>>> print(open('coords.tsv').read())   # TSV, N, CA and C atoms
chain	number	residue	atom	x	y	z
A	1	MET	N	0.81	-1.20	0.00
A	1	MET	CA	0.00	0.00	0.00
A	1	MET	C	0.85	1.26	0.00
A	2	CYS	N	2.15	1.11	0.12
A	2	CYS	CA	2.99	2.28	0.28
A	2	CYS	C	3.29	3.03	-1.01
A	3	GLY	N	3.02	2.47	-2.18
A	3	GLY	CA	3.37	3.13	-3.42
A	3	GLY	C	2.22	3.83	-4.10
A	4	ASN	N	1.02	3.77	-3.56
A	4	ASN	CA	-0.15	4.34	-4.22
A	4	ASN	C	-0.15	5.86	-4.13
A	5	SER	N	-0.65	6.47	-5.17
A	5	SER	CA	-0.78	7.92	-5.21
A	5	SER	C	-2.19	8.31	-4.77
A	6	ILE	N	-2.34	9.52	-4.28
A	6	ILE	CA	-3.65	10.01	-3.86
A	6	ILE	C	-4.53	10.20	-5.09
A	7	LEU	N	-4.00	10.83	-6.12
A	7	LEU	CA	-4.73	10.98	-7.38
A	7	LEU	C	-4.29	9.84	-8.29
A	8	LYS	N	-5.24	9.15	-8.87
A	8	LYS	CA	-4.92	7.97	-9.67
A	8	LYS	C	-4.32	8.31	-11.02
A	9	ASN	N	-4.68	9.44	-11.60
A	9	ASN	CA	-4.12	9.82	-12.89
A	9	ASN	C	-4.07	11.33	-13.02
A	10	LYS	N	-3.44	11.79	-14.10
A	10	LYS	CA	-3.30	13.24	-14.31
A	10	LYS	C	-4.62	13.90	-14.67
A	11	ARG	N	-5.55	13.14	-15.20
A	11	ARG	CA	-6.84	13.72	-15.57
A	11	ARG	C	-7.56	14.29	-14.35
A	12	GLU	N	-7.51	13.58	-13.23
A	12	GLU	CA	-8.13	14.09	-12.00
A	12	GLU	C	-7.47	15.38	-11.55
A	13	LEU	N	-6.15	15.46	-11.67
A	13	LEU	CA	-5.43	16.67	-11.30
A	13	LEU	C	-5.86	17.85	-12.16
A	14	TYR	N	-5.99	17.63	-13.46
A	14	TYR	CA	-6.42	18.71	-14.36
A	14	TYR	C	-7.86	19.13	-14.09
A	15	ILE	N	-8.74	18.18	-13.80
A	15	ILE	CA	-10.14	18.52	-13.51
A	15	ILE	C	-10.22	19.35	-12.24
A	16	ILE	N	-9.51	18.96	-11.20
A	16	ILE	CA	-9.51	19.72	-9.95
A	16	ILE	C	-8.94	21.11	-10.18
A	17	THR	N	-7.88	21.20	-10.95
A	17	THR	CA	-7.25	22.49	-11.24
A	17	THR	C	-8.19	23.42	-12.00
A	18	VAL	N	-8.86	22.91	-13.01
A	18	VAL	CA	-9.77	23.75	-13.80
A	18	VAL	C	-10.97	24.18	-12.96
A	19	LEU	N	-11.50	23.28	-12.13
A	19	LEU	CA	-12.63	23.67	-11.28
A	19	LEU	C	-12.25	24.74	-10.27
A	20	PHE	N	-11.09	24.59	-9.64
A	20	PHE	CA	-10.61	25.63	-8.73
A	20	PHE	C	-10.41	26.95	-9.48
A	21	SER	N	-9.85	26.89	-10.67
A	21	SER	CA	-9.61	28.11	-11.44
A	21	SER	C	-10.91	28.82	-11.80
A	22	ILE	N	-11.89	28.07	-12.25
A	22	ILE	CA	-13.20	28.66	-12.56
A	22	ILE	C	-13.80	29.31	-11.32
A	23	PHE	N	-13.72	28.63	-10.20
A	23	PHE	CA	-14.25	29.18	-8.95
A	23	PHE	C	-13.57	30.50	-8.60
A	24	PHE	N	-12.23	30.54	-8.66
A	24	PHE	CA	-11.52	31.76	-8.28
A	24	PHE	C	-11.73	32.89	-9.28
A	25	ILE	N	-11.90	32.58	-10.55
A	25	ILE	CA	-12.18	33.62	-11.53
A	25	ILE	C	-13.57	34.22	-11.29
A	26	VAL	N	-14.54	33.37	-10.97
A	26	VAL	CA	-15.90	33.86	-10.72
A	26	VAL	C	-15.95	34.74	-9.48
A	27	ILE	N	-15.27	34.33	-8.41
A	27	ILE	CA	-15.35	35.14	-7.19
A	27	ILE	C	-14.50	36.40	-7.27
A	28	SER	N	-13.57	36.48	-8.24
A	28	SER	CA	-12.76	37.69	-8.37
A	28	SER	C	-13.30	38.66	-9.40
A	29	THR	N	-14.42	38.34	-10.02
A	29	THR	CA	-15.00	39.22	-11.03
A	29	THR	C	-15.69	40.41	-10.36
A	30	PRO	N	-15.42	41.61	-10.81
A	30	PRO	CA	-16.05	42.80	-10.22
A	30	PRO	C	-17.47	42.99	-10.74
A	31	TRP	N	-18.41	42.23	-10.23
A	31	TRP	CA	-19.78	42.26	-10.74
A	31	TRP	C	-20.46	43.60	-10.51
A	32	ASP	N	-20.18	44.27	-9.42
A	32	ASP	CA	-20.89	45.50	-9.11
A	32	ASP	C	-20.23	46.75	-9.67
A	33	PHE	N	-19.09	46.62	-10.34
A	33	PHE	CA	-18.44	47.79	-10.92
A	33	PHE	C	-18.82	48.01	-12.38
A	34	GLY	N	-19.51	47.09	-12.99
A	34	GLY	CA	-19.94	47.26	-14.36
A	34	GLY	C	-18.81	47.24	-15.37
A	35	PHE	N	-17.71	46.60	-15.04
A	35	PHE	CA	-16.56	46.48	-15.94
A	35	PHE	C	-16.02	47.83	-16.40
A	36	THR	N	-16.09	48.86	-15.60
A	36	THR	CA	-15.66	50.18	-16.05
A	36	THR	C	-14.37	50.66	-15.40
A	37	PHE	N	-13.94	50.09	-14.30
A	37	PHE	CA	-12.77	50.66	-13.64
A	37	PHE	C	-11.46	50.20	-14.28
A	38	PHE	N	-11.45	49.14	-15.07
A	38	PHE	CA	-10.21	48.65	-15.68
A	38	PHE	C	-10.02	49.19	-17.09
A	39	ALA	N	-10.99	48.98	-17.92
A	39	ALA	CA	-10.86	49.43	-19.31
A	39	ALA	C	-12.25	49.68	-19.89
A	40	ASP	N	-12.31	50.54	-20.88
A	40	ASP	CA	-13.58	50.85	-21.51
A	40	ASP	C	-13.95	49.85	-22.59
A	41	LYS	N	-12.96	49.17	-23.17
A	41	LYS	CA	-13.22	48.24	-24.26
A	41	LYS	C	-13.40	46.82	-23.72
A	42	MET	N	-14.34	46.12	-24.29
A	42	MET	CA	-14.59	44.75	-23.88
A	42	MET	C	-13.44	43.82	-24.27
A	43	GLU	N	-12.69	44.18	-25.33
A	43	GLU	CA	-11.54	43.36	-25.73
A	43	GLU	C	-10.48	43.32	-24.64
A	44	ALA	N	-10.32	44.43	-23.93
A	44	ALA	CA	-9.36	44.46	-22.82
A	44	ALA	C	-9.79	43.51	-21.71
A	45	TRP	N	-11.08	43.43	-21.46
A	45	TRP	CA	-11.57	42.49	-20.45
A	45	TRP	C	-11.35	41.05	-20.89
A	46	TRP	N	-11.60	40.76	-22.17
A	46	TRP	CA	-11.36	39.39	-22.67
A	46	TRP	C	-9.89	39.03	-22.52
A	47	LEU	N	-9.00	39.94	-22.87
A	47	LEU	CA	-7.57	39.69	-22.71
A	47	LEU	C	-7.22	39.49	-21.24
A	48	HIS	N	-7.79	40.32	-20.39
A	48	HIS	CA	-7.56	40.21	-18.94
A	48	HIS	C	-7.99	38.84	-18.42
A	49	TYR	N	-9.16	38.36	-18.83
A	49	TYR	CA	-9.64	37.06	-18.36
A	49	TYR	C	-8.87	35.89	-18.97
A	50	ILE	N	-8.46	36.00	-20.22
A	50	ILE	CA	-7.71	34.91	-20.83
A	50	ILE	C	-6.34	34.76	-20.18
A	51	VAL	N	-5.63	35.86	-20.03
A	51	VAL	CA	-4.31	35.81	-19.38
A	51	VAL	C	-4.47	35.38	-17.92
A	52	GLY	N	-5.47	35.91	-17.24
A	52	GLY	CA	-5.70	35.53	-15.86
A	52	GLY	C	-6.06	34.06	-15.70
A	53	ALA	N	-6.84	33.52	-16.63
A	53	ALA	CA	-7.21	32.11	-16.57
A	53	ALA	C	-6.00	31.21	-16.78
A	54	VAL	N	-5.15	31.58	-17.72
A	54	VAL	CA	-3.94	30.77	-17.96
A	54	VAL	C	-3.04	30.79	-16.73
A	55	LEU	N	-2.83	31.96	-16.16
A	55	LEU	CA	-2.01	32.06	-14.96
A	55	LEU	C	-2.64	31.33	-13.77
A	56	CYS	N	-3.95	31.43	-13.65
A	56	CYS	CA	-4.66	30.77	-12.57
A	56	CYS	C	-4.57	29.24	-12.69
A	57	ILE	N	-4.75	28.73	-13.90
A	57	ILE	CA	-4.66	27.28	-14.09
A	57	ILE	C	-3.26	26.78	-13.79
A	58	TYR	N	-2.24	27.49	-14.25
A	58	TYR	CA	-0.87	27.06	-13.96
A	58	TYR	C	-0.57	27.12	-12.47
A	59	THR	N	-0.97	28.19	-11.81
A	59	THR	CA	-0.71	28.33	-10.38
A	59	THR	C	-1.45	27.27	-9.58
A	60	MET	N	-2.71	27.03	-9.90
A	60	MET	CA	-3.46	26.01	-9.18
A	60	MET	C	-2.90	24.62	-9.45
A	61	TRP	N	-2.45	24.35	-10.67
A	61	TRP	CA	-1.85	23.05	-10.99
A	61	TRP	C	-0.60	22.84	-10.15
A	62	ALA	N	0.26	23.85	-10.07
A	62	ALA	CA	1.49	23.74	-9.28
A	62	ALA	C	1.16	23.56	-7.79
A	63	PHE	N	0.17	24.31	-7.29
A	63	PHE	CA	-0.19	24.22	-5.88
A	63	PHE	C	-0.77	22.85	-5.54
A	64	VAL	N	-1.72	22.37	-6.35
A	64	VAL	CA	-2.35	21.08	-6.07
A	64	VAL	C	-1.33	19.95	-6.20
A	65	ARG	N	-0.46	20.03	-7.20
A	65	ARG	CA	0.59	19.02	-7.38
A	65	ARG	C	1.52	18.99	-6.18
A	66	ALA	N	1.97	20.15	-5.71
A	66	ALA	CA	2.84	20.22	-4.55
A	66	ALA	C	2.13	19.71	-3.30
A	67	LEU	N	0.86	20.01	-3.18
A	67	LEU	CA	0.09	19.52	-2.04
A	67	LEU	C	-0.03	18.00	-2.06
A	68	MET	N	-0.26	17.43	-3.24
A	68	MET	CA	-0.35	15.98	-3.35
A	68	MET	C	0.99	15.30	-3.02
A	69	ILE	N	2.09	15.91	-3.44
A	69	ILE	CA	3.41	15.36	-3.11
A	69	ILE	C	3.65	15.44	-1.61
A	70	LEU	N	3.29	16.56	-1.01
A	70	LEU	CA	3.45	16.72	0.43
A	70	LEU	C	2.63	15.69	1.19
A	71	LEU	N	1.38	15.50	0.79
A	71	LEU	CA	0.53	14.53	1.47
A	71	LEU	C	1.02	13.11	1.25
A	72	SER	N	1.55	12.83	0.08
A	72	SER	CA	2.09	11.51	-0.20
A	72	SER	C	3.30	11.21	0.70
A	73	HIS	N	4.18	12.19	0.85
A	73	HIS	CA	5.34	12.01	1.73
A	73	HIS	C	4.90	11.84	3.17
A	74	GLU	N	3.92	12.60	3.59
A	74	GLU	CA	3.43	12.48	4.97
A	74	GLU	C	2.80	11.11	5.20
A	75	ARG	N	2.04	10.62	4.20
A	75	ARG	CA	1.43	9.31	4.32
A	75	ARG	C	2.49	8.22	4.43
A	76	HIS	N	3.55	8.34	3.62
A	76	HIS	CA	4.64	7.37	3.70
A	76	HIS	C	5.32	7.42	5.07
A	77	HIS	N	5.45	8.61	5.60
A	77	HIS	CA	6.06	8.75	6.92
A	77	HIS	C	5.19	8.12	8.00
A	78	ILE	N	3.90	8.34	7.92
A	78	ILE	CA	2.97	7.77	8.91
A	78	ILE	C	2.93	6.26	8.80
A	79	GLU	N	2.94	5.73	7.58
A	79	GLU	CA	2.88	4.29	7.39
A	79	GLU	C	4.21	3.60	7.69
A	80	GLY	N	5.27	4.36	7.84
A	80	GLY	CA	6.57	3.78	8.13
A	80	GLY	C	7.27	3.22	6.90
A	81	CYS	N	6.97	3.77	5.74
A	81	CYS	CA	7.54	3.26	4.50
A	81	CYS	C	8.94	3.79	4.21
A	82	ASN	N	9.33	4.86	4.86
A	82	ASN	CA	10.61	5.47	4.51
A	82	ASN	C	11.74	5.07	5.46
A	83	GLY	N	11.63	3.96	6.07
A	83	GLY	CA	12.76	3.44	6.82
A	83	GLY	C	12.60	3.54	8.26
>>> encode(input="coords.tsv", output="structure tokens")
Amino acid sequence: MCGNSILKNKRELYIITVLFSIFFIVISTPWDFGFTFFADKMEAWWLHYIVGAVLCIYTMWAFVRALMILLSHERHHIEGCNG
């Protein structure tokens, strides 16, 4: 039992990452400002969201991956697998 991973495949990691990213993009949207404090053109908002989504997905992927590695090491330590 000591060699199993928490996530069985990379697809689960990507699904979790995309769901977290969608959640954080939705909660960071300035709904009550009417999209006027950043730029007047809607193209600027599209660019803002596309770049932000790419950065968010990469950051969440790195965070979730690091968290899974940390939990895996802790599990091995608790199970006594590392000597």
>>> atom_distance(input="coords.tsv", atom1="atom N of His48 (chain A)", atom2="CA of Lys10 (chain A)")
28.1 Å
>>> closest_residue(input="coords.tsv", among="A:Ile50, A:Ile78, A:Met60, A:Leu55", to="Val18 (chain A)", atoms="all atoms listed in the file")
A:Met60
>>> select_by_dssp(input="coords.tsv", residues="region 4-77 of chain A", states="alpha helix (DSSP H)", output="VMD selection string")
chain A and resid 10 to 27 42 to 77
>>> atom_distance(input="coords.tsv", atom1="atom N of Thr17 (chain A)", atom2="atom C of Arg65 (chain A)")
10.8 Å
